[in-house]
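Student: Contents of my_file_9.txt (compact mmCIF, C-alpha atoms and all ligand atoms):
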# COMPACT_ATOMS: atom_id res chain seq x y z
CA MET A 1 -2.76 1.33 -19.16
CA GLY A 2 0.92 1.82 -18.30
CA PHE A 3 3.15 4.38 -19.96
CA LYS A 4 5.48 1.68 -21.32
CA ARG A 5 2.61 0.05 -23.16
CA LEU A 6 0.84 3.23 -24.23
CA ALA A 7 3.74 5.32 -25.54
CA PRO A 8 4.85 2.93 -28.35
CA ARG A 9 1.22 2.64 -29.49
CA ILE A 10 0.98 6.41 -29.88
CA LEU A 11 4.42 6.83 -31.44
CA ASN A 12 3.82 4.00 -33.94
CA HIS A 13 0.23 4.94 -34.74
CA PRO A 14 -0.24 5.35 -38.56
CA GLY A 15 -1.55 8.87 -37.99
CA PHE A 16 1.60 9.74 -36.12
CA ARG A 17 4.38 7.84 -37.96
CA GLY A 18 6.13 9.78 -40.67
CA ARG A 19 4.31 12.97 -39.87
CA ALA A 20 6.61 15.97 -39.99
CA THR A 21 5.76 17.47 -36.62
CA GLY A 22 8.99 19.40 -36.26
CA ILE A 23 9.16 18.20 -32.66
CA PRO A 24 12.02 15.86 -31.72
CA ARG A 25 10.81 12.32 -30.97
CA SER A 26 12.51 12.40 -27.56
CA LYS A 27 10.51 15.49 -26.58
CA ILE A 28 7.24 13.89 -27.68
CA PHE A 29 8.11 10.84 -25.60
CA ILE A 30 8.65 13.00 -22.49
CA THR A 31 5.43 14.91 -23.18
CA ILE A 32 3.40 11.69 -23.39
CA ARG A 33 5.02 10.46 -20.21
CA ARG A 34 4.12 13.69 -18.37
CA ARG A 35 0.63 13.89 -19.94
CA PHE A 36 -0.33 10.45 -18.71
CA GLY A 37 1.54 10.83 -15.43
CA ASP A 38 2.69 7.28 -15.90
CA CYS A 39 6.00 5.51 -15.36
CA SER A 40 7.85 2.24 -15.51
CA GLY A 41 6.61 0.20 -12.59
CA CYS A 42 3.52 2.36 -12.04
CA ASP A 43 1.23 -0.58 -12.62
CA THR A 44 2.85 -2.13 -9.58
CA MET A 45 3.26 1.02 -7.44
CA GLU A 46 1.65 0.93 -4.02
CA TYR A 47 1.47 3.60 -1.33
CA GLN A 48 1.54 2.45 2.29
CA MET A 49 1.82 3.93 5.75
CA ILE A 50 5.29 3.45 7.23
CA ALA A 51 5.37 1.45 10.47
CA PRO A 52 8.34 1.37 12.87
CA GLU A 53 9.28 -2.12 11.60
CA HIS A 54 9.99 -0.58 8.15
CA SER A 55 12.62 1.74 9.65
CA GLU A 56 15.73 -0.08 8.46
CA GLN A 57 14.44 -0.39 4.87
CA VAL A 58 13.41 3.28 4.86
CA LEU A 59 16.82 4.36 6.17
CA GLU A 60 18.52 2.28 3.48
CA HIS A 61 16.43 4.08 0.83
CA LEU A 62 17.40 7.44 2.34
CA ARG A 63 21.11 6.57 2.50
CA ARG A 64 21.03 5.87 -1.24
CA ASN A 65 18.79 8.71 -2.35
CA PHE A 66 18.39 11.52 0.15
CA PHE A 67 21.48 11.75 2.31
CA ALA A 68 23.80 12.84 -0.51
CA ASP A 69 21.23 14.33 -2.94
CA GLU A 70 19.18 16.77 -0.89
CA PRO A 71 20.46 20.31 -1.67
CA LEU A 72 21.63 21.23 1.87
CA ASN A 73 23.18 17.82 2.55
CA LYS A 74 25.01 18.12 -0.76
CA ALA A 75 26.22 21.67 0.00
CA ALA A 76 27.50 20.62 3.43
CA GLY A 77 29.08 17.44 2.05
CA LEU A 78 27.20 15.54 4.74
CA CYS A 79 27.95 12.07 3.41
CA GLN A 80 28.67 9.94 0.37
CA ASN A 81 25.86 8.24 -1.50
CA GLY A 82 24.96 5.03 0.33
CA SER A 83 26.92 5.77 3.47
CA SER A 84 25.36 6.24 6.86
CA CYS A 85 24.95 9.46 8.82
CA PRO A 86 23.98 8.65 12.43
CA ALA A 87 22.68 12.16 13.25
CA LEU A 88 20.39 12.33 10.22
CA GLU A 89 19.31 8.71 10.72
CA ALA A 90 18.24 9.50 14.29
CA HIS A 91 16.24 12.50 12.99
CA CYS A 92 14.48 10.28 10.40
CA ALA A 93 13.89 7.39 12.83
CA GLU A 94 12.25 9.79 15.29
CA ALA A 95 9.79 10.95 12.59
CA ILE A 96 8.87 7.35 11.73
CA GLN A 97 7.80 6.79 15.36
CA HIS A 98 4.94 9.29 14.84
CA ARG A 99 3.31 6.78 12.43
CA MET A 100 2.20 9.43 9.93
CA SER A 101 4.75 8.78 7.19
CA VAL A 102 4.05 7.27 3.79
CA MET A 103 6.13 5.20 1.38
CA ALA A 104 5.87 4.32 -2.30
CA VAL A 105 6.64 0.68 -2.91
CA ASP A 106 7.28 -0.96 -6.26
CA ALA A 107 5.85 -4.44 -5.92
CA LYS A 108 7.12 -5.66 -9.29
CA GLU A 109 7.54 -9.20 -8.23
CA LYS A 110 5.59 -11.00 -5.59
CA GLY A 111 7.49 -10.89 -2.34
CA ALA A 112 10.17 -8.54 -3.71
CA CYS A 113 9.00 -5.04 -2.81
CA LYS A 114 11.30 -2.08 -3.16
CA ILE A 115 10.84 1.24 -1.39
CA VAL A 116 11.14 3.88 -4.12
CA GLY A 117 9.95 6.97 -2.27
CA VAL A 118 9.18 8.20 1.22
CA VAL A 119 7.71 11.18 2.96
CA LEU A 120 8.52 11.31 6.67
CA ASN A 121 6.02 13.31 8.71
CA GLY A 122 6.04 14.16 12.38
CA ILE A 123 4.09 16.09 14.98
CA LEU A 124 5.66 19.41 15.96
CA LYS A 125 4.79 21.11 19.25
CA PRO A 126 5.75 24.55 20.57
CA GLY A 127 9.15 24.30 22.22
CA ASP A 128 10.32 21.31 20.13
CA THR A 129 12.45 23.43 17.80
CA ALA A 130 14.12 25.37 20.63
CA LYS A 131 14.88 22.06 22.37
CA ALA A 132 16.32 20.58 19.16
CA LEU A 133 18.49 23.66 18.67
CA SER A 134 19.91 23.44 22.18
CA LYS A 135 20.63 19.71 21.70
CA LEU A 136 22.48 20.51 18.48
CA ASP A 137 25.47 21.84 20.41
CA CYS A 138 26.16 18.32 21.71
CA ASN A 139 26.13 16.85 18.20
CA ASP A 140 29.65 16.04 17.00
CA ASP A 141 28.75 16.12 13.27
CA ALA A 142 29.71 19.67 12.19
CA ASP A 143 28.03 19.33 8.77
CA PHE A 144 24.77 18.19 10.33
CA ARG A 145 25.00 21.10 12.78
CA LYS A 146 25.40 23.60 9.90
CA ILE A 147 22.21 22.35 8.22
CA PHE A 148 20.01 22.10 11.28
CA ASP A 149 21.28 25.35 12.74
CA LEU A 150 19.90 27.09 9.64
CA LEU A 151 16.59 25.19 9.74
CA HIS A 152 15.93 25.54 13.48
CA ARG A 153 16.93 29.22 13.70
CA HIS A 154 14.83 30.08 10.66
CA ASN A 155 11.80 28.33 12.18
CA LEU A 156 12.25 30.09 15.51
CA LYS A 157 12.57 33.48 13.82
CA HIS A 158 9.49 32.93 11.61
CA ASN A 159 7.26 31.30 14.17
CA LEU A 160 4.22 29.56 12.70
CA PHE A 161 2.87 28.63 16.15
CA GLU A 162 2.59 32.28 17.14
CA HIS A 163 1.17 33.32 13.81
CA PHE A 164 -1.54 30.67 13.62
CA ASP A 165 -2.12 30.15 17.35
CA VAL A 166 -2.04 26.34 17.13
CA ASP A 167 -0.66 23.90 19.70
CA CYS A 168 0.66 21.36 17.19
CA MET A 169 1.52 21.08 13.53
CA PHE A 170 1.84 18.32 10.97
CA ASP A 171 5.49 18.60 9.99
CA VAL A 172 6.51 17.26 6.56
CA ARG A 173 10.18 16.60 7.29
CA ILE A 174 11.73 14.44 4.61
CA LEU A 175 10.66 13.96 0.99
CA SER A 176 12.72 11.55 -1.07
CA VAL A 177 12.34 9.58 -4.29
CA ASP A 178 14.71 6.94 -5.67
CA SER A 179 16.88 8.55 -8.36
CA CYS A 180 15.75 5.88 -10.89
CA TYR A 181 12.08 6.74 -10.33
CA ARG A 182 12.18 10.55 -10.35
CA GLY A 183 10.04 12.70 -12.66
CA GLN A 184 7.15 10.23 -12.55
CA GLY A 185 4.88 11.96 -10.05
CA ILE A 186 5.83 9.89 -6.98
CA ALA A 187 6.74 12.89 -4.78
CA ASN A 188 3.51 14.60 -5.83
CA GLU A 189 1.53 11.54 -4.73
CA LEU A 190 3.43 11.29 -1.42
CA VAL A 191 2.66 14.94 -0.58
CA LYS A 192 -0.98 14.50 -1.61
CA ARG A 193 -1.27 11.49 0.70
CA SER A 194 0.45 13.36 3.54
CA VAL A 195 -2.17 16.11 3.32
CA ALA A 196 -4.85 13.41 3.54
CA VAL A 197 -3.16 11.87 6.62
CA ALA A 198 -3.00 15.31 8.28
CA ARG A 199 -6.68 15.94 7.56
CA LYS A 200 -7.71 12.51 8.80
CA ASN A 201 -5.85 13.14 12.07
CA GLY A 202 -7.50 16.52 12.59
CA PHE A 203 -4.49 18.80 12.07
CA ARG A 204 -5.24 22.45 11.33
CA LEU A 205 -1.79 23.31 10.04
CA LEU A 206 0.89 21.59 7.96
CA LYS A 207 4.42 22.86 7.48
CA ALA A 208 7.46 21.96 5.41
CA ASP A 209 10.97 23.35 5.07
CA ALA A 210 11.56 22.92 1.35
CA THR A 211 15.21 23.22 0.47
CA GLY A 212 15.15 22.96 -3.32
CA ILE A 213 13.30 24.42 -6.26
CA PHE A 214 11.54 21.15 -7.13
CA SER A 215 10.25 20.33 -3.66
CA GLN A 216 9.07 23.96 -3.37
CA LYS A 217 7.09 23.56 -6.58
CA ILE A 218 5.58 20.29 -5.38
CA PHE A 219 4.38 21.73 -2.05
CA ARG A 220 2.94 24.82 -3.72
CA SER A 221 1.03 22.65 -6.17
CA HIS A 222 -0.68 21.04 -3.15
CA GLY A 223 -1.87 24.36 -1.75
CA PHE A 224 1.09 25.13 0.52
CA GLU A 225 1.99 28.82 0.77
CA VAL A 226 5.32 30.48 1.45
CA PHE A 227 5.57 31.84 5.01
CA SER A 228 9.25 32.81 4.96
CA GLU A 229 12.38 32.44 2.86
CA GLN A 230 16.13 32.44 3.38
CA PRO A 231 18.36 32.98 0.33
CA TYR A 232 21.40 30.72 0.69
CA SER A 233 23.72 33.46 -0.61
CA LYS A 234 22.75 35.61 2.40
CA TYR A 235 23.33 32.93 5.01
CA THR A 236 26.88 33.84 5.89
CA ASP A 237 29.36 33.63 8.77
CA GLU A 238 30.94 36.60 10.57
CA ASP A 239 33.48 36.95 7.71
CA GLY A 240 30.70 37.16 5.13
CA LYS A 241 31.44 33.65 3.79
CA VAL A 242 28.44 31.64 2.58
CA ILE A 243 27.93 28.80 5.08
CA LEU A 244 26.08 26.43 2.76
CA PRO A 245 27.10 26.91 -0.90
CA VAL A 246 24.00 25.28 -2.37
CA GLU A 247 24.22 24.47 -6.08
CA ALA A 248 21.92 26.09 -8.65
CA PRO A 249 19.07 25.90 -9.48
CA HIS A 250 18.36 25.81 -5.71
CA ILE A 251 18.70 29.32 -4.34
CA LYS A 252 16.72 29.54 -1.12
CA LEU A 253 15.08 27.77 1.77
CA GLN A 254 11.31 28.15 1.91
CA GLN A 255 9.21 27.58 4.99
CA LEU A 256 5.80 26.62 3.63
CA TYR A 257 2.49 26.05 5.37
CA LYS A 258 -0.96 24.81 4.54
CA ALA A 259 -3.89 25.73 6.74
CA ILE A 260 -6.89 23.42 6.90
CA CYS A 261 -10.10 25.00 8.10
CA ALA A 262 -12.63 23.10 10.24
CA GLY A 263 -15.34 22.93 7.55
CA ASP A 264 -12.80 21.62 5.08
CA GLN A 265 -11.80 18.89 7.56
CA ASP A 266 -15.37 17.69 8.11
CA GLU A 267 -15.93 17.58 4.39
CA LYS A 268 -12.72 15.63 3.72
CA LYS A 269 -13.25 13.23 6.64
CA GLN A 270 -16.54 12.18 5.07
CA SER A 271 -14.91 11.51 1.72
CA LEU A 272 -12.00 9.43 3.11
N1 LIG A 301 13.69 18.80 -13.07
C1 LIG A 301 12.58 19.49 -13.44
N2 LIG A 301 11.39 19.38 -12.80
C2 LIG A 301 11.34 18.56 -11.74
C3 LIG A 301 12.46 17.81 -11.29
C4 LIG A 301 13.67 17.97 -12.01
N3 LIG A 301 14.80 17.34 -11.63
N4 LIG A 301 12.09 17.08 -10.21
C5 LIG A 301 10.78 17.34 -9.99
N5 LIG A 301 10.36 18.24 -10.90
C6 LIG A 301 9.00 18.81 -11.00
C7 LIG A 301 8.19 18.03 -12.00
O1 LIG A 301 8.22 18.68 -13.23
C8 LIG A 301 6.80 18.01 -11.43
O2 LIG A 301 6.08 19.13 -11.88
P1 LIG A 301 4.66 18.93 -12.62
O3 LIG A 301 3.76 18.33 -11.56
O4 LIG A 301 4.30 20.32 -13.01
O5 LIG A 301 4.92 18.00 -13.75
C9 LIG A 301 7.00 18.19 -9.94
O6 LIG A 301 8.34 18.67 -9.76
C10 LIG A 301 6.78 16.90 -9.17
O7 LIG A 301 7.58 15.93 -9.71
P2 LIG A 301 7.60 14.45 -9.14
O8 LIG A 301 7.85 13.53 -10.28
O9 LIG A 301 6.41 14.19 -8.29
O10 LIG A 301 8.91 14.52 -8.23
P3 LIG A 301 9.91 13.29 -7.97
O11 LIG A 301 9.14 12.06 -7.71
O12 LIG A 301 10.91 13.26 -9.06
O13 LIG A 301 10.63 13.75 -6.63
C11 LIG A 301 12.18 15.05 -5.32
C12 LIG A 301 11.14 15.07 -6.46
C13 LIG A 301 11.55 14.50 -4.06
C14 LIG A 301 12.62 16.50 -5.08
C15 LIG A 301 13.36 14.16 -5.77
O14 LIG A 301 14.01 14.78 -6.84
C16 LIG A 301 14.38 13.88 -4.66
O15 LIG A 301 14.24 12.90 -3.92
N6 LIG A 301 15.42 14.75 -4.57
C17 LIG A 301 16.48 14.59 -3.56
C18 LIG A 301 15.97 14.87 -2.15
C19 LIG A 301 15.30 16.23 -2.02
O16 LIG A 301 15.78 17.25 -2.51
N7 LIG A 301 14.15 16.22 -1.32
C20 LIG A 301 13.38 17.44 -1.02
C21 LIG A 301 14.01 18.23 0.09
S1 LIG A 301 12.85 19.22 0.99
C22 LIG A 301 12.13 18.13 2.13
O17 LIG A 301 12.56 17.03 2.27
C23 LIG A 301 10.93 18.61 2.96
Could I get this file's structure written as structure tokens?

Tutor:
Amino acid sequence: MGFKRLAPRILNHPGFRGRATGIPRSKIFITIRRRFGDCSGCDTMEYQMIAPEHSEQVLEHLRRNFFADEPLNKAAGLCQNGSSCPALEAHCAEAIQHRMSVMAVDAKEKGACKIVGVVLNGILKPGDTAKALSKLDCNDDADFRKIFDLLHRHNLKHNLFEHFDVDCMFDVRILSVDSCYRGQGIANELVKRSVAVARKNGFRLLKADATGIFSQKIFRSHGFEVFSEQPYSKYTDEDGKVILPVEAPHIKLQQLYKAICAGDQDEKKQSL
């Protein structure tokens, strides 16, 4: 049963009404919502693999929800909500080509589906990050350069390939949920499904660069562990000025990983 239908039943139940609980009604409402992990539109929520033909719709979702909201984009002033950012769009479009990304679609009305969340995953090979860093110099978007300079250099310094001796990784690159649908467990479900995709495709290692406190919590709750961190206050230029003044409560970049062992893979493959 959906949250919208269930919550009023509980709140108006004779055993509940008029009882002096001392807890504000609004707080109880939030607690019920969290407890049942339900949301408006959940009855109609579907999770699907993203195909290249969905690219334009996915990019439109990201322009409205990720481009201006993600902590580093926001700190760099990368773009206004809804506007395009060619460099970031190219980065996202490239990930979609790997065919390992997942979207949450609200299919409220027949034929009128809305993308309300996406996780863009790609395959990362040794040498890819160094190549991306060298290509960054040719990019004319200074704000984009600031963000990806931090990410690429951090990944090269804390090298997961060397540490785990793997020749490819499942790279969780972009996690985004529509601002009207946040706090309803959609990002959690997208990460859970990404782990399943990685397992199904035989990956031994997943990684994610989580830029904010909430995404960090989500990855950790799915068994990701912190490999390295970069406090934003210590990422400074030669004059000691903070390069990306990220707003609280986000204080650091975390490079997270999740290792999948062979036995675990066989077991999960059977259950898929
Ligand atoms: N305040 C408090 N807690 C929060 C918040 C918030 N604003 N957002 C998420 N959480 C917590 C929830 O409490 C929940 O914890 P629980 O499982 O213990 O209840 C957990 O995070 C998961 O919450 P979801 O509802 O699954 O997350 P949601 O669907 O709201 O999406 C996301 C979270 C993706 C961070 C969303 O806010 C967003 O799109 N933000 C802008 C883009 C962004 O920052 N993306 C991540 C960058 S890192 C990367 O892309 C790899």

Student: Identify which of the residues A:Arg182, A:His152, A:Lys258, A:His54 lies closest to A:Cys113, counting all atoms listed in the file when measuring atom-to-atom distances.

Tutor: A:His54

Student: Rounded to one decimal, what separation in Å do you get between atom P1 of ligand LIG 301 (chain A) and atom CA of A:His98?

Tutor: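 Atom CA of A:His98 lies at a distance of 29.1 Å from atom P1 of ligand LIG 301 (chain A).
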
Student: So which one's closest to ligand LIG 301 (chain A), A:Phe219, A:Tyr232, A:Phe66, A:Phe224? Using all atoms listed in the file, please.

Tutor: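 Of A:Phe219, A:Tyr232, A:Phe66, A:Phe224, the one nearest ligand LIG 301 (chain A), counting all atoms listed in the file, is A:Phe66.
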
Student: Ranking A:Asp106, A:Glu229, A:Asp149, A:Asp178 by minimum distance to A:Leu244 and counting all atoms listed in the file, which one comes first?

Tutor: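 Closest residue, counting all atoms listed in the file: A:Asp149.
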
Student: Could you state the separation of atom CA of A:Glu94 and atom CA of A:Ile123 in Å, given to one decimal place?

Tutor: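 The value is 10.3 Å.
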
Student: Please give me, as a tab-separated table (two decimals) with C-alpha atoms, in the coordinates of the input, the residues lying within 7 Å of ligand LIG 301 (chain A) when counting all atoms listed in the file.

Tutor:
chain	number	residue	atom	x	y	z
A	34	ARG	CA	4.12	13.69	-18.37
A	65	ASN	CA	18.79	8.71	-2.35
A	66	PHE	CA	18.39	11.52	0.15
A	69	ASP	CA	21.23	14.33	-2.94
A	70	GLU	CA	19.18	16.77	-0.89
A	71	PRO	CA	20.46	20.31	-1.67
A	172	VAL	CA	6.51	17.26	6.56
A	173	ARG	CA	10.18	16.60	7.29
A	174	ILE	CA	11.73	14.44	4.61
A	175	LEU	CA	10.66	13.96	0.99
A	176	SER	CA	12.72	11.55	-1.07
A	177	VAL	CA	12.34	9.58	-4.29
A	178	ASP	CA	14.71	6.94	-5.67
A	179	SER	CA	16.88	8.55	-8.36
A	181	TYR	CA	12.08	6.74	-10.33
A	182	ARG	CA	12.18	10.55	-10.35
A	183	GLY	CA	10.04	12.70	-12.66
A	184	GLN	CA	7.15	10.23	-12.55
A	185	GLY	CA	4.88	11.96	-10.05
A	186	ILE	CA	5.83	9.89	-6.98
A	187	ALA	CA	6.74	12.89	-4.78
A	188	ASN	CA	3.51	14.60	-5.83
A	189	GLU	CA	1.53	11.54	-4.73
A	208	ALA	CA	7.46	21.96	5.41
A	209	ASP	CA	10.97	23.35	5.07
A	210	ALA	CA	11.56	22.92	1.35
A	211	THR	CA	15.21	23.22	0.47
A	212	GLY	CA	15.15	22.96	-3.32
A	214	PHE	CA	11.54	21.15	-7.13
A	215	SER	CA	10.25	20.33	-3.66
A	217	LYS	CA	7.09	23.56	-6.58
A	218	ILE	CA	5.58	20.29	-5.38

Student: Of the residues A:Val58, A:Ile50, A:Ala130, A:Ala196, which is the one nearest to A:His222, using all atoms listed in the file?

Tutor: A:Ala196

Student: Could you tell me how far atom CA of A:Asn121 sits from atom CA of A:Leu59, in Å to one decimal place?

Tutor: 14.3 Å

Student: Using all atoms listed in the file, which of A:Cys180, A:Ala198, A:Ala87, A:Ala104 sits nearest A:Lys135?

Tutor: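 Of A:Cys180, A:Ala198, A:Ala87, A:Ala104, the one nearest A:Lys135 is A:Ala87, counting all atoms listed in the file.
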
Student: Mind checking which residues fall within 9 Å of A:Pro86, counting only C-alpha atoms, ignoring those fewer than 4 positions away in the same chain, and posting them as a PyMOL selection string?

Tutor: chain A and resi 90-91+141

Student: Is it possible to get the residues within 10 Å of (15.9, 26.7, 2.1) (coordinates as in the file, counting only C-alpha atoms) written as number ranges by chain?

Tutor: A: 71-72, 147, 150-151, 154, 209-213, 216, 228-232, 246, 250-255

Student: Counting only C-alpha atoms, which of A:Gly77, A:Cys168, A:Tyr235, A:Gly240 gets nearest to A:Arg153?

Tutor: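 Selected residue with least distance to A:Arg153: A:Tyr235.
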
Student: Within 7 Å of (26.6, 13.8, 0.3), in the coordinates the file gives, what residues turn up when you count only C-alpha atoms, written out as a list in words?

Tutor: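 Counting only C-alpha atoms, I find these residues within 7 Å of (26.6, 13.8, 0.3): Phe67, Ala68, Asp69, Asn73, Lys74, Gly77, Leu78, Cys79, Gln80 and Asn81 of chain A.
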
Student: Identify, on the basis of all atoms listed in the file, every residue whose closest approach to A:Tyr257 does not exceed 6 Å; exclude the query and any residue fewer than 2 positions from it along the same chain; express the result as a list in words.

Tutor: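 After dropping sequence-adjacent residues, the list is Leu206, Lys207, Phe224 and Glu225 of chain A.
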
Student: Please complete stretch 216-230 of chain A with N, CA, C and O atoms and give it back as a PDB file, in the frame of the given file.

Tutor:
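Saved result, result.pdb, follows:
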ATOM      1  N   GLN A 216       9.879  22.741  -3.589  1.00  0.00           N
ATOM      2  CA  GLN A 216       9.070  23.960  -3.370  1.00  0.00           C
ATOM      3  C   GLN A 216       7.883  23.974  -4.329  1.00  0.00           C
ATOM      4  O   GLN A 216       6.746  24.266  -3.953  1.00  0.00           O
ATOM      5  N   LYS A 217       8.158  23.608  -5.571  1.00  0.00           N
ATOM      6  CA  LYS A 217       7.090  23.560  -6.580  1.00  0.00           C
ATOM      7  C   LYS A 217       6.042  22.504  -6.202  1.00  0.00           C
ATOM      8  O   LYS A 217       4.838  22.740  -6.325  1.00  0.00           O
ATOM      9  N   ILE A 218       6.497  21.375  -5.733  1.00  0.00           N
ATOM     10  CA  ILE A 218       5.580  20.290  -5.380  1.00  0.00           C
ATOM     11  C   ILE A 218       4.650  20.730  -4.242  1.00  0.00           C
ATOM     12  O   ILE A 218       3.435  20.583  -4.325  1.00  0.00           O
ATOM     13  N   PHE A 219       5.228  21.305  -3.184  1.00  0.00           N
ATOM     14  CA  PHE A 219       4.380  21.730  -2.050  1.00  0.00           C
ATOM     15  C   PHE A 219       3.383  22.805  -2.492  1.00  0.00           C
ATOM     16  O   PHE A 219       2.213  22.757  -2.118  1.00  0.00           O
ATOM     17  N   ARG A 220       3.845  23.758  -3.291  1.00  0.00           N
ATOM     18  CA  ARG A 220       2.940  24.820  -3.720  1.00  0.00           C
ATOM     19  C   ARG A 220       1.782  24.255  -4.543  1.00  0.00           C
ATOM     20  O   ARG A 220       0.651  24.702  -4.450  1.00  0.00           O
ATOM     21  N   SER A 221       2.095  23.219  -5.327  1.00  0.00           N
ATOM     22  CA  SER A 221       1.030  22.650  -6.170  1.00  0.00           C
ATOM     23  C   SER A 221      -0.020  21.910  -5.316  1.00  0.00           C
ATOM     24  O   SER A 221      -1.091  21.583  -5.802  1.00  0.00           O
ATOM     25  N   HIS A 222       0.292  21.666  -4.049  1.00  0.00           N
ATOM     26  CA  HIS A 222      -0.680  21.040  -3.150  1.00  0.00           C
ATOM     27  C   HIS A 222      -1.277  22.054  -2.181  1.00  0.00           C
ATOM     28  O   HIS A 222      -1.775  21.688  -1.116  1.00  0.00           O
ATOM     29  N   GLY A 223      -1.202  23.325  -2.537  1.00  0.00           N
ATOM     30  CA  GLY A 223      -1.870  24.360  -1.750  1.00  0.00           C
ATOM     31  C   GLY A 223      -1.035  24.922  -0.605  1.00  0.00           C
ATOM     32  O   GLY A 223      -1.546  25.698   0.204  1.00  0.00           O
ATOM     33  N   PHE A 224       0.227  24.540  -0.510  1.00  0.00           N
ATOM     34  CA  PHE A 224       1.090  25.130   0.520  1.00  0.00           C
ATOM     35  C   PHE A 224       1.443  26.558   0.079  1.00  0.00           C
ATOM     36  O   PHE A 224       1.584  26.836  -1.107  1.00  0.00           O
ATOM     37  N   GLU A 225       1.604  27.444   1.073  1.00  0.00           N
ATOM     38  CA  GLU A 225       1.990  28.820   0.770  1.00  0.00           C
ATOM     39  C   GLU A 225       3.292  29.158   1.470  1.00  0.00           C
ATOM     40  O   GLU A 225       3.608  28.579   2.517  1.00  0.00           O
ATOM     41  N   VAL A 226       4.014  30.110   0.881  1.00  0.00           N
ATOM     42  CA  VAL A 226       5.320  30.480   1.450  1.00  0.00           C
ATOM     43  C   VAL A 226       5.088  31.397   2.652  1.00  0.00           C
ATOM     44  O   VAL A 226       4.413  32.419   2.546  1.00  0.00           O
ATOM     45  N   PHE A 227       5.670  31.009   3.795  1.00  0.00           N
ATOM     46  CA  PHE A 227       5.570  31.840   5.010  1.00  0.00           C
ATOM     47  C   PHE A 227       6.835  32.680   5.153  1.00  0.00           C
ATOM     48  O   PHE A 227       6.786  33.842   5.520  1.00  0.00           O
ATOM     49  N   SER A 228       7.981  32.080   4.855  1.00  0.00           N
ATOM     50  CA  SER A 228       9.250  32.810   4.960  1.00  0.00           C
ATOM     51  C   SER A 228      10.296  32.161   4.064  1.00  0.00           C
ATOM     52  O   SER A 228      10.153  30.993   3.677  1.00  0.00           O
ATOM     53  N   GLU A 229      11.319  32.941   3.758  1.00  0.00           N
ATOM     54  CA  GLU A 229      12.380  32.440   2.860  1.00  0.00           C
ATOM     55  C   GLU A 229      13.748  32.856   3.390  1.00  0.00           C
ATOM     56  O   GLU A 229      13.868  33.890   4.051  1.00  0.00           O
ATOM     57  N   GLN A 230      14.752  32.068   3.059  1.00  0.00           N
ATOM     58  CA  GLN A 230      16.130  32.440   3.380  1.00  0.00           C
ATOM     59  C   GLN A 230      17.001  32.158   2.148  1.00  0.00           C
ATOM     60  O   GLN A 230      17.256  30.992   1.816  1.00  0.00           O
TER      61      GLN A 230
END
